[in-house]
>>> print(open('target.txt').read())   # compact mmCIF, C-alpha atoms and all ligand atoms
# COMPACT_ATOMS: atom_id res chain seq x y z
CA MET A 1 254.76 98.34 41.88
CA MET A 2 252.31 99.62 39.29
CA GLU A 3 251.74 97.71 36.06
CA GLU A 4 253.41 99.57 33.17
CA ALA A 5 250.19 99.58 31.15
CA ALA A 6 247.97 101.10 33.87
CA THR A 7 246.22 104.33 32.88
CA VAL A 8 243.94 106.74 34.71
CA SER A 9 240.41 107.25 33.40
CA LYS A 10 240.01 110.90 34.38
CA GLY A 11 236.71 111.44 36.14
CA LEU A 12 236.12 107.67 35.73
CA GLU A 13 234.78 108.47 32.26
CA ASP A 14 233.41 105.35 30.57
CA VAL A 15 234.16 103.19 33.62
CA TYR A 16 231.25 100.86 34.44
CA ILE A 17 230.96 100.12 38.16
CA LYS A 18 227.81 97.99 38.25
CA THR A 19 225.03 96.53 36.20
CA THR A 20 221.59 98.01 36.76
CA LYS A 21 217.95 97.36 35.98
CA LEU A 22 216.98 100.78 37.31
CA THR A 23 217.80 103.46 34.77
CA THR A 24 219.05 103.61 31.22
CA ILE A 25 220.30 106.68 29.37
CA ASP A 26 220.89 107.02 25.64
CA GLY A 27 223.05 110.13 25.62
CA ASN A 28 223.06 110.55 21.85
CA LYS A 29 219.31 110.23 21.37
CA GLY A 30 218.38 112.02 24.61
CA ILE A 31 216.44 109.10 26.07
CA LEU A 32 215.99 108.35 29.77
CA ARG A 33 214.01 105.40 31.09
CA TYR A 34 213.21 104.15 34.59
CA ARG A 35 213.00 100.34 34.48
CA GLY A 36 212.00 100.65 30.83
CA TYR A 37 209.44 103.46 31.21
CA ASP A 38 210.29 106.57 29.21
CA ILE A 39 210.72 109.68 31.35
CA ASN A 40 208.13 111.56 29.26
CA ASP A 41 205.56 108.82 29.70
CA ILE A 42 206.09 108.22 33.41
CA SER A 43 206.35 111.89 34.37
CA GLU A 44 203.18 112.72 32.45
CA HIS A 45 201.03 109.86 33.70
CA GLY A 46 202.60 108.67 36.95
CA THR A 47 202.88 109.92 40.51
CA PHE A 48 206.05 110.04 42.57
CA GLU A 49 204.76 107.31 44.90
CA GLU A 50 204.33 105.03 41.88
CA VAL A 51 207.91 105.81 40.88
CA ILE A 52 209.14 105.06 44.41
CA HIS A 53 207.40 101.69 44.16
CA LEU A 54 208.84 101.06 40.72
CA MET A 55 212.38 101.81 41.80
CA VAL A 56 212.34 100.22 45.26
CA TYR A 57 210.19 97.12 44.55
CA GLY A 58 210.79 96.65 40.82
CA GLU A 59 207.33 97.27 39.31
CA LEU A 60 204.63 99.93 39.19
CA PRO A 61 202.18 99.21 42.02
CA ASN A 62 198.62 97.98 41.65
CA LYS A 63 195.97 99.83 43.70
CA GLU A 64 196.50 97.76 46.88
CA GLN A 65 200.28 98.08 46.65
CA LEU A 66 200.01 101.84 46.16
CA LYS A 67 197.78 102.15 49.19
CA ALA A 68 200.17 100.02 51.24
CA LEU A 69 203.11 102.16 50.15
CA ARG A 70 201.27 105.40 50.99
CA ASP A 71 200.30 103.99 54.40
CA SER A 72 203.87 102.97 55.03
CA LEU A 73 205.17 106.42 54.08
CA LYS A 74 202.57 108.00 56.37
CA SER A 75 203.77 105.89 59.29
CA HIS A 76 207.38 107.00 58.74
CA TYR A 77 207.17 110.76 58.04
CA ALA A 78 207.61 111.77 61.69
CA LEU A 79 211.11 112.37 63.04
CA ASP A 80 212.33 111.61 66.55
CA LYS A 81 212.01 114.53 68.95
CA GLY A 82 215.79 114.76 69.26
CA ILE A 83 216.25 115.16 65.50
CA MET A 84 213.52 117.84 65.34
CA GLU A 85 215.24 119.64 68.19
CA VAL A 86 218.64 119.59 66.47
CA ILE A 87 217.08 120.84 63.21
CA SER A 88 215.37 123.65 65.11
CA LYS A 89 218.76 124.75 66.46
CA LEU A 90 220.53 124.84 63.10
CA PRO A 91 221.53 128.38 62.10
CA LYS A 92 219.16 130.26 59.81
CA ASP A 93 222.08 131.30 57.64
CA GLY A 94 223.45 127.73 57.42
CA GLU A 95 224.30 126.30 54.02
CA PRO A 96 221.30 124.04 53.31
CA LEU A 97 223.16 120.99 52.00
CA GLY A 98 225.41 121.05 55.08
CA MET A 99 222.22 121.23 57.17
CA LEU A 100 220.88 118.19 55.29
CA GLU A 101 224.10 116.31 56.02
CA VAL A 102 223.68 117.04 59.74
CA ALA A 103 220.06 115.88 59.78
CA PHE A 104 220.58 112.71 57.74
CA SER A 105 223.67 111.89 59.82
CA MET A 106 221.37 111.72 62.82
CA LEU A 107 219.47 108.91 61.08
CA ALA A 108 222.85 107.20 60.57
CA MET A 109 223.73 107.65 64.25
CA LYS A 110 221.26 104.88 65.11
CA GLU A 111 222.94 102.38 62.81
CA LYS A 112 225.71 100.03 63.86
CA ASN A 113 226.61 96.86 62.00
CA TYR A 114 223.58 97.25 59.73
CA LYS A 115 222.48 93.85 58.43
CA TRP A 116 221.67 94.14 54.75
CA GLU A 117 218.68 91.95 53.90
CA PRO A 118 216.23 92.63 51.02
CA LYS A 119 213.00 92.89 53.04
CA ALA A 120 214.52 94.96 55.86
CA ASP A 121 216.41 97.11 53.32
CA ARG A 122 213.15 98.07 51.60
CA GLU A 123 211.52 98.95 54.90
CA LYS A 124 214.54 101.05 55.78
CA ALA A 125 214.48 102.72 52.35
CA ILE A 126 210.81 103.73 52.74
CA ASP A 127 211.59 105.03 56.23
CA ILE A 128 214.44 107.23 54.93
CA ILE A 129 212.44 108.38 51.87
CA ALA A 130 209.56 109.45 54.17
CA LYS A 131 211.84 111.14 56.69
CA ALA A 132 213.51 113.11 53.90
CA VAL A 133 210.20 115.02 53.54
CA THR A 134 210.18 116.18 57.15
CA ILE A 135 213.91 116.90 57.26
CA ILE A 136 214.00 118.97 54.09
CA ALA A 137 210.72 120.80 54.74
CA ASN A 138 211.98 121.77 58.19
CA ILE A 139 215.38 122.88 56.94
CA TYR A 140 213.46 125.19 54.59
CA ARG A 141 211.42 126.42 57.57
CA VAL A 142 214.50 127.07 59.73
CA LYS A 143 216.11 129.03 56.91
CA GLU A 144 212.93 131.07 56.53
CA GLY A 145 212.87 131.83 60.29
CA LEU A 146 209.74 129.69 60.82
CA PRO A 147 209.28 127.28 63.74
CA VAL A 148 209.86 123.60 62.99
CA LYS A 149 206.67 121.69 62.27
CA GLU A 150 205.53 118.08 62.55
CA PRO A 151 204.78 116.59 59.10
CA VAL A 152 201.34 117.57 57.79
CA ILE A 153 200.42 114.14 56.49
CA LYS A 154 198.40 114.13 53.27
CA GLU A 155 197.64 111.39 50.77
CA GLY A 156 200.55 112.13 48.43
CA TYR A 157 204.29 112.58 49.05
CA ALA A 158 204.53 115.93 47.22
CA GLU A 159 201.44 117.26 48.98
CA THR A 160 202.78 116.23 52.39
CA PHE A 161 206.06 117.96 51.62
CA MET A 162 204.41 121.20 50.46
CA ALA A 163 201.98 121.25 53.41
CA THR A 164 204.89 120.79 55.82
CA CYS A 165 206.98 123.53 54.17
CA PHE A 166 204.28 126.15 53.81
CA ASP A 167 201.66 127.39 56.27
CA LYS A 168 199.31 128.63 53.54
CA PRO A 169 197.37 126.30 51.23
CA VAL A 170 199.28 125.36 48.06
CA SER A 171 197.45 125.15 44.72
CA LYS A 172 196.79 121.79 43.02
CA GLU A 173 198.83 122.99 40.05
CA VAL A 174 201.89 123.64 42.22
CA ILE A 175 201.53 120.30 44.05
CA SER A 176 201.26 118.49 40.74
CA SER A 177 204.37 120.30 39.40
CA MET A 178 206.27 119.33 42.56
CA ASP A 179 205.21 115.73 42.01
CA LYS A 180 206.51 115.88 38.41
CA ALA A 181 209.78 117.49 39.49
CA LEU A 182 210.27 114.69 42.02
CA ILE A 183 209.77 112.13 39.25
CA LEU A 184 212.19 113.91 36.91
CA TYR A 185 215.01 113.92 39.46
CA THR A 186 214.43 110.42 40.91
CA ASP A 187 217.32 108.62 39.31
CA HIS A 188 220.00 109.04 36.70
CA GLU A 189 222.14 105.89 36.64
CA VAL A 190 225.49 106.52 38.42
CA PRO A 191 226.35 110.24 38.54
CA ALA A 192 228.82 111.51 41.15
CA SER A 193 226.36 111.46 44.07
CA THR A 194 225.08 107.94 43.36
CA THR A 195 228.66 106.75 42.96
CA ALA A 196 229.52 108.32 46.33
CA SER A 197 226.57 106.48 47.92
CA LEU A 198 227.68 103.25 46.28
CA VAL A 199 231.24 103.59 47.55
CA VAL A 200 229.94 103.95 51.11
CA ALA A 201 227.41 101.10 50.76
CA SER A 202 230.06 98.84 49.21
CA THR A 203 231.87 98.83 52.56
CA LEU A 204 228.64 97.45 54.10
CA SER A 205 228.08 100.69 55.96
CA ASP A 206 224.40 101.53 56.45
CA MET A 207 221.77 103.08 54.18
CA ALA A 208 221.48 106.46 55.93
CA SER A 209 225.28 106.92 55.84
CA SER A 210 225.23 106.16 52.12
CA VAL A 211 222.60 108.88 51.63
CA VAL A 212 224.78 111.36 53.55
CA ALA A 213 227.59 110.64 51.06
CA GLY A 214 225.18 111.27 48.17
CA ILE A 215 224.13 114.60 49.69
CA ALA A 216 227.75 115.67 50.15
CA ALA A 217 228.51 114.98 46.48
CA LEU A 218 225.30 116.64 45.33
CA LYS A 219 226.36 119.93 46.90
CA GLY A 220 228.96 120.71 44.24
CA PRO A 221 228.12 123.24 41.49
CA LEU A 222 229.18 120.74 38.83
CA HIS A 223 226.41 118.36 39.95
CA GLY A 224 223.34 119.10 42.11
CA GLY A 225 224.38 122.66 42.83
CA ALA A 226 223.99 123.57 39.16
CA ALA A 227 220.23 124.34 39.29
CA GLU A 228 220.88 127.05 41.85
CA THR A 229 223.85 128.49 39.96
CA ALA A 230 221.92 128.30 36.67
CA PHE A 231 219.10 130.31 38.20
CA LYS A 232 221.55 132.80 39.77
CA GLN A 233 223.00 133.21 36.29
CA PHE A 234 219.56 134.36 35.07
CA GLU A 235 219.27 136.72 38.06
CA ASP A 236 222.72 138.09 37.30
CA ILE A 237 221.77 138.73 33.66
CA GLY A 238 218.67 140.57 34.87
CA SER A 239 216.82 141.13 31.58
CA VAL A 240 216.50 139.52 28.18
CA GLU A 241 218.17 142.57 26.60
CA ASN A 242 221.36 141.85 28.61
CA VAL A 243 221.75 138.22 27.54
CA GLU A 244 223.94 138.77 24.48
CA GLN A 245 226.31 141.14 26.26
CA TRP A 246 226.51 138.87 29.33
CA PHE A 247 227.21 135.84 27.14
CA LYS A 248 229.90 137.67 25.15
CA HIS A 249 231.64 138.99 28.27
CA ASN A 250 231.42 135.89 30.48
CA VAL A 251 231.33 132.90 28.18
CA ILE A 252 233.14 134.03 25.00
CA GLU A 253 235.73 136.42 26.43
CA ASN A 254 236.26 134.91 29.89
CA ASN A 255 235.58 131.22 29.20
CA ALA A 256 233.02 130.90 32.01
CA LYS A 257 231.09 127.63 31.89
CA LEU A 258 227.40 128.01 31.21
CA MET A 259 225.65 126.57 34.26
CA GLY A 260 222.90 124.10 33.43
CA PHE A 261 224.70 123.19 30.20
CA GLY A 262 226.76 120.12 29.36
CA HIS A 263 226.63 116.56 30.59
CA ARG A 264 228.98 113.60 30.81
CA VAL A 265 226.46 111.29 29.13
CA TYR A 266 224.06 113.45 27.08
CA LYS A 267 225.42 114.80 23.84
CA THR A 268 222.05 116.31 22.96
CA MET A 269 219.36 118.07 25.00
CA ASP A 270 218.59 116.26 28.25
CA PRO A 271 214.96 114.99 27.97
CA ARG A 272 214.28 116.27 31.50
CA ALA A 273 215.35 119.77 30.44
CA LYS A 274 212.69 119.71 27.70
CA ILE A 275 210.02 118.78 30.26
CA PHE A 276 211.18 121.39 32.79
CA LYS A 277 211.18 123.95 29.98
CA ARG A 278 207.50 123.20 29.33
CA TYR A 279 206.68 123.63 33.03
CA ALA A 280 208.65 126.88 33.18
CA GLU A 281 206.70 128.13 30.14
CA MET A 282 203.40 127.14 31.76
CA PHE A 283 204.21 129.14 34.91
CA ALA A 284 205.61 132.05 32.85
CA LYS A 285 202.24 132.55 31.13
CA ASP A 286 200.56 133.87 34.28
CA ASN A 287 203.50 135.35 36.12
CA PRO A 288 205.59 138.22 34.67
CA LYS A 289 208.46 137.62 37.13
CA VAL A 290 208.74 134.00 36.03
CA ASP A 291 208.35 135.07 32.42
CA LYS A 292 211.33 137.42 32.77
CA TYR A 293 213.59 134.52 33.82
CA PHE A 294 212.05 132.22 31.24
CA GLN A 295 212.78 134.68 28.41
CA ILE A 296 216.37 135.12 29.65
CA ALA A 297 216.84 131.35 29.82
CA LYS A 298 215.42 130.79 26.34
CA LYS A 299 217.74 133.40 24.84
CA LEU A 300 220.72 131.98 26.74
CA GLU A 301 219.82 128.48 25.55
CA GLU A 302 219.80 129.75 21.96
CA LEU A 303 223.25 131.36 22.28
CA GLY A 304 224.65 128.39 24.22
CA VAL A 305 223.47 125.86 21.65
CA GLN A 306 224.84 128.03 18.80
CA LYS A 307 228.24 128.17 20.48
CA PHE A 308 228.50 124.67 22.03
CA GLY A 309 225.95 122.48 20.20
CA ASN A 310 228.60 121.13 17.81
CA LYS A 311 230.56 119.87 20.88
CA GLY A 312 227.47 118.05 22.18
CA ILE A 313 226.89 120.61 24.93
CA TYR A 314 223.18 121.31 25.47
CA PRO A 315 220.90 122.26 28.38
CA ASN A 316 220.78 119.66 31.14
CA THR A 317 218.00 119.12 33.67
CA ASP A 318 219.23 121.95 35.91
CA PHE A 319 218.89 124.67 33.27
CA TYR A 320 215.13 125.27 33.60
CA SER A 321 214.32 123.50 36.89
CA GLY A 322 215.37 126.47 39.06
CA ILE A 323 212.78 128.63 37.27
CA VAL A 324 210.09 126.04 37.97
CA TYR A 325 211.01 125.91 41.68
CA TYR A 326 211.05 129.72 41.82
CA ALA A 327 207.57 129.75 40.24
CA MET A 328 206.38 127.32 42.93
CA GLY A 329 207.42 129.81 45.60
CA PHE A 330 210.77 128.37 46.69
CA PRO A 331 213.76 130.58 47.46
CA THR A 332 216.87 130.28 45.28
CA TYR A 333 218.75 128.05 47.75
CA MET A 334 216.12 125.29 47.48
CA PRO A 335 216.79 123.55 44.12
CA THR A 336 219.59 121.39 45.51
CA PRO A 337 217.71 120.27 48.67
CA LEU A 338 214.73 119.48 46.40
CA PHE A 339 217.06 117.48 44.16
CA ALA A 340 218.15 115.53 47.26
CA LEU A 341 214.52 114.93 48.27
CA SER A 342 213.89 113.20 44.98
CA ARG A 343 217.26 111.52 44.47
CA THR A 344 217.17 109.83 47.90
CA THR A 345 214.98 107.19 46.19
CA GLY A 346 217.54 106.75 43.39
CA TRP A 347 220.50 106.49 45.76
CA LEU A 348 218.75 103.93 47.93
CA SER A 349 217.56 101.87 44.95
CA HIS A 350 221.08 101.72 43.53
CA ILE A 351 222.75 100.76 46.79
CA MET A 352 220.19 98.00 47.45
CA GLU A 353 220.72 96.68 43.92
CA TYR A 354 224.48 96.77 44.40
CA VAL A 355 224.78 95.33 47.90
CA GLU A 356 222.12 92.67 47.44
CA GLU A 357 223.22 91.45 44.01
CA GLN A 358 226.75 92.55 43.23
CA GLN A 359 228.44 93.49 46.49
CA ARG A 360 232.19 93.95 46.39
CA ILE A 361 234.05 96.73 48.14
CA ILE A 362 234.76 99.59 45.71
CA ARG A 363 238.47 100.04 46.00
CA PRO A 364 240.16 101.43 42.88
CA ARG A 365 243.86 102.20 42.49
CA ALA A 366 245.93 105.34 41.98
CA ILE A 367 249.10 105.44 39.90
CA TYR A 368 251.93 106.69 42.09
CA VAL A 369 253.96 109.42 40.38
CA GLY A 370 255.87 110.81 43.40
CA ILE A 371 259.47 110.25 44.59
CA GLN A 372 260.05 106.49 44.82
CA GLU A 373 262.19 106.07 47.97
CA ARG A 374 264.13 108.28 50.41
CA LYS A 375 265.42 108.32 53.96
CA TYR A 376 263.82 110.21 56.87
CA VAL A 377 265.73 113.45 57.62
CA PRO A 378 265.65 114.75 61.25
CA ILE A 379 263.97 118.17 61.47
CA ASP A 380 267.15 120.11 62.46
CA GLN A 381 268.89 118.86 59.31
CA ARG A 382 266.11 120.04 56.94
CA HIS A 383 266.44 123.29 54.97
N1 LIG B 401 229.85 125.54 29.33
C1 LIG B 401 230.90 125.71 28.49
N2 LIG B 401 231.73 124.70 28.12
C2 LIG B 401 231.50 123.50 28.65
C3 LIG B 401 230.44 123.25 29.52
C4 LIG B 401 229.59 124.32 29.87
N3 LIG B 401 228.58 124.15 30.72
N4 LIG B 401 230.45 121.95 29.87
C5 LIG B 401 231.50 121.42 29.26
N5 LIG B 401 232.14 122.33 28.50
C6 LIG B 401 233.33 122.12 27.67
C7 LIG B 401 234.59 122.07 28.51
O1 LIG B 401 235.14 123.35 28.68
C8 LIG B 401 235.46 121.15 27.72
O2 LIG B 401 235.96 121.87 26.61
P1 LIG B 401 237.41 121.53 25.99
O3 LIG B 401 237.29 120.12 25.47
O4 LIG B 401 237.55 122.55 24.92
O5 LIG B 401 238.38 121.66 27.12
C9 LIG B 401 234.48 120.13 27.14
O6 LIG B 401 233.22 120.82 27.08
C10 LIG B 401 234.32 118.88 28.01
O7 LIG B 401 233.96 119.32 29.32
P2 LIG B 401 234.27 118.53 30.64
O8 LIG B 401 234.15 119.48 31.78
O9 LIG B 401 235.55 117.76 30.49
O10 LIG B 401 233.07 117.50 30.61
P3 LIG B 401 232.69 116.54 31.81
O11 LIG B 401 231.96 115.41 31.22
O12 LIG B 401 233.88 116.26 32.65
O13 LIG B 401 231.73 117.47 32.68
C11 LIG B 401 229.84 118.65 33.45
C12 LIG B 401 230.35 117.42 32.66
C13 LIG B 401 230.53 118.67 34.82
C14 LIG B 401 228.35 118.49 33.67
C15 LIG B 401 230.15 119.93 32.65
O14 LIG B 401 229.46 119.92 31.43
C16 LIG B 401 229.82 121.19 33.44
O15 LIG B 401 230.65 121.65 34.22
N6 LIG B 401 228.60 121.78 33.23
C17 LIG B 401 228.20 122.94 33.98
C18 LIG B 401 227.65 122.53 35.35
C19 LIG B 401 226.33 121.82 35.24
O16 LIG B 401 225.41 122.27 34.59
N7 LIG B 401 226.24 120.68 35.95
C20 LIG B 401 225.00 119.90 36.03
C21 LIG B 401 225.14 118.61 35.31
S1 LIG B 401 223.64 117.71 35.32
C22 LIG B 401 223.49 117.17 36.91
O17 LIG B 401 224.45 116.93 37.59
C23 LIG B 401 222.16 117.03 37.44
>>> encode(input="target.txt", output="structure tokens")
Amino acid sequence: MMEEAATVSKGLEDVYIKTTKLTTIDGNKGILRYRGYDINDISEHGTFEEVIHLMVYGELPNKEQLKALRDSLKSHYALDKGIMEVISKLPKDGEPLGMLEVAFSMLAMKEKNYKWEPKADREKAIDIIAKAVTIIANIYRVKEGLPVKEPVIKEGYAETFMATCFDKPVSKEVISSMDKALILYTDHEVPASTTASLVVASTLSDMASSVVAGIAALKGPLHGGAAETAFKQFEDIGSVENVEQWFKHNVIENNAKLMGFGHRVYKTMDPRAKIFKRYAEMFAKDNPKVDKYFQIAKKLEELGVQKFGNKGIYPNTDFYSGIVYYAMGFPTYMPTPLFALSRTTGWLSHIMEYVEEQQRIIRPRAIYVGIQERKYVPIDQRH
């Protein structure tokens, strides 16, 4: 029997499921910090490998530690032949997040009765973080009709990813922007995907299976899928002259949600959105196609903030990121896989923190509101 006083917190709003030393968000001030480092500071001065080290091992690396981490990543980028073969056989028109689930599930296939232990967990995390590069780059290649490719191992994580995706050289500016985007999406406390990973890890399942759960949750348009839908929104609008009419018809008259707007925690502009906006502006300067989308987005931001700002609804990280990925040469289906590439580090850091320090199976309750008790009726006596 349910306690009389029990209530449901819809969407688990304001429910705290763990303590963390990883990420802090001040939703009213628009502040995000990784282990105390402000997102503006770390994304401007750091590299993604430094952020991996910070999240996985607890501190920014010194030079030797950074070299050791890069060497370790290099030794783990390659996938087993069997996994490469399965990826090569995935359908070109497959939905990319579903394809990611298949590929990461193959990493999970090797795990049975995984023994959680801090040192081994970190080695496993680096292995999965490295393999994410080769999986996601090759899913991009399959979707583009290109043959699968062994990882093209470079010094940096972003550079290795770009060199594996593309067969032509990629500019330093684009590699650096990819590195920044990876930093911006690394972690965000316990959104839906991280919570999904935590639920799986809390059962003492393995790390790869927990990542698969994160990917599945990321797929939804209310979470990781929003960057793609936000960008499609700009494509749908088509030109800056159409923004007002589109907004009036869709948002005012038909109550459509603005994609890339709103957040459970931020009640002001997401600090990552401000940074992505600057990158989008930088790319827009030299590229009229990017500029077209940037102008549309800026106008839509203005109208959205006018209409929803008083409710605390502002652009989130996904509003401008799709434009940045488009400017880098990625097709419109790639923002969510790229989100997963980065967030794999966040998911793994959270599950290690949880299982190693706070483990308890996550098993909430539901309040039963159905018929209390009745007798089984044989099928020929039912209406
Ligand atoms: N456009 C218009 N109205 C919105 C939007 C939006 N994008 N977001 C929220 N609202 C309104 C709701 O209609 C609701 O209004 P009401 O109180 O009058 O009914 C109110 O704001 C509260 O909205 P909820 O959906 O209850 O807020 P919640 O915290 O549950 O949802 C979410 C947060 C899912 C992010 C929501 O803002 C949304 O759907 N945004 C669009 C999708 C999106 O951009 N997702 C990416 C989030 S960031 C990330 O995951 C990386």
>>> residues_near_ligand(input="target.txt", ligand="ligand LIG 401 (chain B)", cutoff="8 Å", atoms="all atoms listed in the file", output="PDB file with C-alpha atoms, in the frame of the given file")
ATOM      1  CA  GLY A  11     236.710 111.440  36.140  1.00  0.00           C
ATOM      2  CA  GLU A  13     234.780 108.470  32.260  1.00  0.00           C
ATOM      3  CA  PRO A 191     226.350 110.240  38.540  1.00  0.00           C
ATOM      4  CA  ALA A 192     228.820 111.510  41.150  1.00  0.00           C
ATOM      5  CA  LEU A 218     225.300 116.640  45.330  1.00  0.00           C
ATOM      6  CA  PRO A 221     228.120 123.240  41.490  1.00  0.00           C
ATOM      7  CA  LEU A 222     229.180 120.740  38.830  1.00  0.00           C
ATOM      8  CA  HIS A 223     226.410 118.360  39.950  1.00  0.00           C
ATOM      9  CA  GLY A 224     223.340 119.100  42.110  1.00  0.00           C
ATOM     10  CA  GLY A 225     224.380 122.660  42.830  1.00  0.00           C
ATOM     11  CA  ALA A 226     223.990 123.570  39.160  1.00  0.00           C
ATOM     12  CA  ALA A 227     220.230 124.340  39.290  1.00  0.00           C
ATOM     13  CA  ALA A 230     221.920 128.300  36.670  1.00  0.00           C
ATOM     14  CA  VAL A 251     231.330 132.900  28.180  1.00  0.00           C
ATOM     15  CA  ASN A 255     235.580 131.220  29.200  1.00  0.00           C
ATOM     16  CA  ALA A 256     233.020 130.900  32.010  1.00  0.00           C
ATOM     17  CA  LYS A 257     231.090 127.630  31.890  1.00  0.00           C
ATOM     18  CA  LEU A 258     227.400 128.010  31.210  1.00  0.00           C
ATOM     19  CA  MET A 259     225.650 126.570  34.260  1.00  0.00           C
ATOM     20  CA  GLY A 260     222.900 124.100  33.430  1.00  0.00           C
ATOM     21  CA  PHE A 261     224.700 123.190  30.200  1.00  0.00           C
ATOM     22  CA  GLY A 262     226.760 120.120  29.360  1.00  0.00           C
ATOM     23  CA  HIS A 263     226.630 116.560  30.590  1.00  0.00           C
ATOM     24  CA  ARG A 264     228.980 113.600  30.810  1.00  0.00           C
ATOM     25  CA  VAL A 265     226.460 111.290  29.130  1.00  0.00           C
ATOM     26  CA  GLY A 304     224.650 128.390  24.220  1.00  0.00           C
ATOM     27  CA  PHE A 308     228.500 124.670  22.030  1.00  0.00           C
ATOM     28  CA  LYS A 311     230.560 119.870  20.880  1.00  0.00           C
ATOM     29  CA  ILE A 313     226.890 120.610  24.930  1.00  0.00           C
ATOM     30  CA  PRO A 315     220.900 122.260  28.380  1.00  0.00           C
ATOM     31  CA  ASN A 316     220.780 119.660  31.140  1.00  0.00           C
ATOM     32  CA  THR A 317     218.000 119.120  33.670  1.00  0.00           C
ATOM     33  CA  ASP A 318     219.230 121.950  35.910  1.00  0.00           C
ATOM     34  CA  PHE A 319     218.890 124.670  33.270  1.00  0.00           C
TER      35      PHE A 319
END
>>> residues_around(input="target.txt", residues="Gly309 (chain A)", least_positions_apart="5", cutoff="9 Å", atoms="only C-alpha atoms", output="PDB file with C-alpha atoms, keeping the file's coordinate frame")
ATOM      1  CA  LYS A 267     225.420 114.800  23.840  1.00  0.00           C
ATOM      2  CA  THR A 268     222.050 116.310  22.960  1.00  0.00           C
ATOM      3  CA  GLY A 304     224.650 128.390  24.220  1.00  0.00           C
ATOM      4  CA  TYR A 314     223.180 121.310  25.470  1.00  0.00           C
TER       5      TYR A 314
END
>>> closest_atom_pairs(input="target.txt", of="region 82-126 of chain A", to="region 195-202 of chain A", cutoff="12 Å", atoms="only C-alpha atoms", output="JSON lines")
{"residue": "A:Tyr114", "atom": "CA", "partner": "A:Ala201", "partner_atom": "CA", "distance": 10.5}
{"residue": "A:Lys115", "atom": "CA", "partner": "A:Ala201", "partner_atom": "CA", "distance": 11.6}
{"residue": "A:Trp116", "atom": "CA", "partner": "A:Ala201", "partner_atom": "CA", "distance": 9.9}
{"residue": "A:Asp121", "atom": "CA", "partner": "A:Ala201", "partner_atom": "CA", "distance": 12.0}
>>> closest_residue(input="target.txt", among="A:Lys63, A:Met328, A:Glu253, A:Trp246", to="Ala284 (chain A)", atoms="all atoms listed in the file")
A:Met328
>>> closest_residue(input="target.txt", among="A:Asp236, A:Glu150, A:Glu281, A:Glu144", to="Ile83 (chain A)", atoms="only C-alpha atoms")
A:Glu150
>>> closest_residue(input="target.txt", among="A:Glu111, A:Glu302, A:Asp187, A:Glu228", to="Tyr34 (chain A)", atoms="all atoms listed in the file")
A:Asp187
>>> closest_residue(input="target.txt", among="A:Arg122, A:Lys67, A:His76, A:Lys18", to="Met352 (chain A)", atoms="only C-alpha atoms")
A:Arg122
>>> axis_aligned_box(input="target.txt", around="region 10-26 of chain A", padding_each_side="3 Å", output="AutoDock Vina command-line options")
--center_x 228.5 --center_y 104.0 --center_z 31.9 --size_x 29.0 --size_y 20.9 --size_z 18.6
>>> closest_residue(input="target.txt", among="A:Asn28, A:Asn250, A:Ser193, A:Asn138", to="Ile215 (chain A)", atoms="only C-alpha atoms")
A:Ser193
>>> closest_residue(input="target.txt", among="A:Glu59, A:Asp270, A:Asp93, A:Glu123", to="Leu184 (chain A)", atoms="only C-alpha atoms")
A:Asp270
>>> atom_distance(input="target.txt", atom1="CA of Val142 (chain A)", atom2="CA of Pro331 (chain A)")
12.8 Å
>>> residues_around(input="target.txt", residues="region 98-106 of chain A", least_positions_apart="3", cutoff="8 Å", atoms="only C-alpha atoms", output="list in words")
Ile83, Val86, Ile87, Leu90, Gly94, Glu95, Met109, Lys110, Ile135, Ile136, Ile139, Ala208, Ser209, Val211, Val212, Ile215, Ala216 and Pro337 of chain A
>>> atom_distance(input="target.txt", atom1="CA of Thr186 (chain A)", atom2="CA of Ser342 (chain A)")
5.0 Å
>>> residues_around(input="target.txt", residues="Asp179 (chain A)", least_positions_apart="3", cutoff="10 Å", atoms="all atoms listed in the file", output="PDB file with C-alpha atoms, in the coordinates of the input")
ATOM      1  CA  SER A  43     206.350 111.890  34.370  1.00  0.00           C
ATOM      2  CA  GLY A  46     202.600 108.670  36.950  1.00  0.00           C
ATOM      3  CA  THR A  47     202.880 109.920  40.510  1.00  0.00           C
ATOM      4  CA  PHE A  48     206.050 110.040  42.570  1.00  0.00           C
ATOM      5  CA  GLU A  49     204.760 107.310  44.900  1.00  0.00           C
ATOM      6  CA  GLY A 156     200.550 112.130  48.430  1.00  0.00           C
ATOM      7  CA  TYR A 157     204.290 112.580  49.050  1.00  0.00           C
ATOM      8  CA  ALA A 158     204.530 115.930  47.220  1.00  0.00           C
ATOM      9  CA  GLU A 159     201.440 117.260  48.980  1.00  0.00           C
ATOM     10  CA  PHE A 161     206.060 117.960  51.620  1.00  0.00           C
ATOM     11  CA  GLU A 173     198.830 122.990  40.050  1.00  0.00           C
ATOM     12  CA  VAL A 174     201.890 123.640  42.220  1.00  0.00           C
ATOM     13  CA  ILE A 175     201.530 120.300  44.050  1.00  0.00           C
ATOM     14  CA  SER A 176     201.260 118.490  40.740  1.00  0.00           C
ATOM     15  CA  LEU A 182     210.270 114.690  42.020  1.00  0.00           C
ATOM     16  CA  ILE A 183     209.770 112.130  39.250  1.00  0.00           C
ATOM     17  CA  LEU A 184     212.190 113.910  36.910  1.00  0.00           C
ATOM     18  CA  SER A 342     213.890 113.200  44.980  1.00  0.00           C
TER      19      SER A 342
END
>>> residues_around(input="target.txt", residues="region 37-40 of chain A", least_positions_apart="3", cutoff="8 Å", atoms="all atoms listed in the file", output="ChimeraX atom specification")
/A:31-34,43-44,184,271-272,275
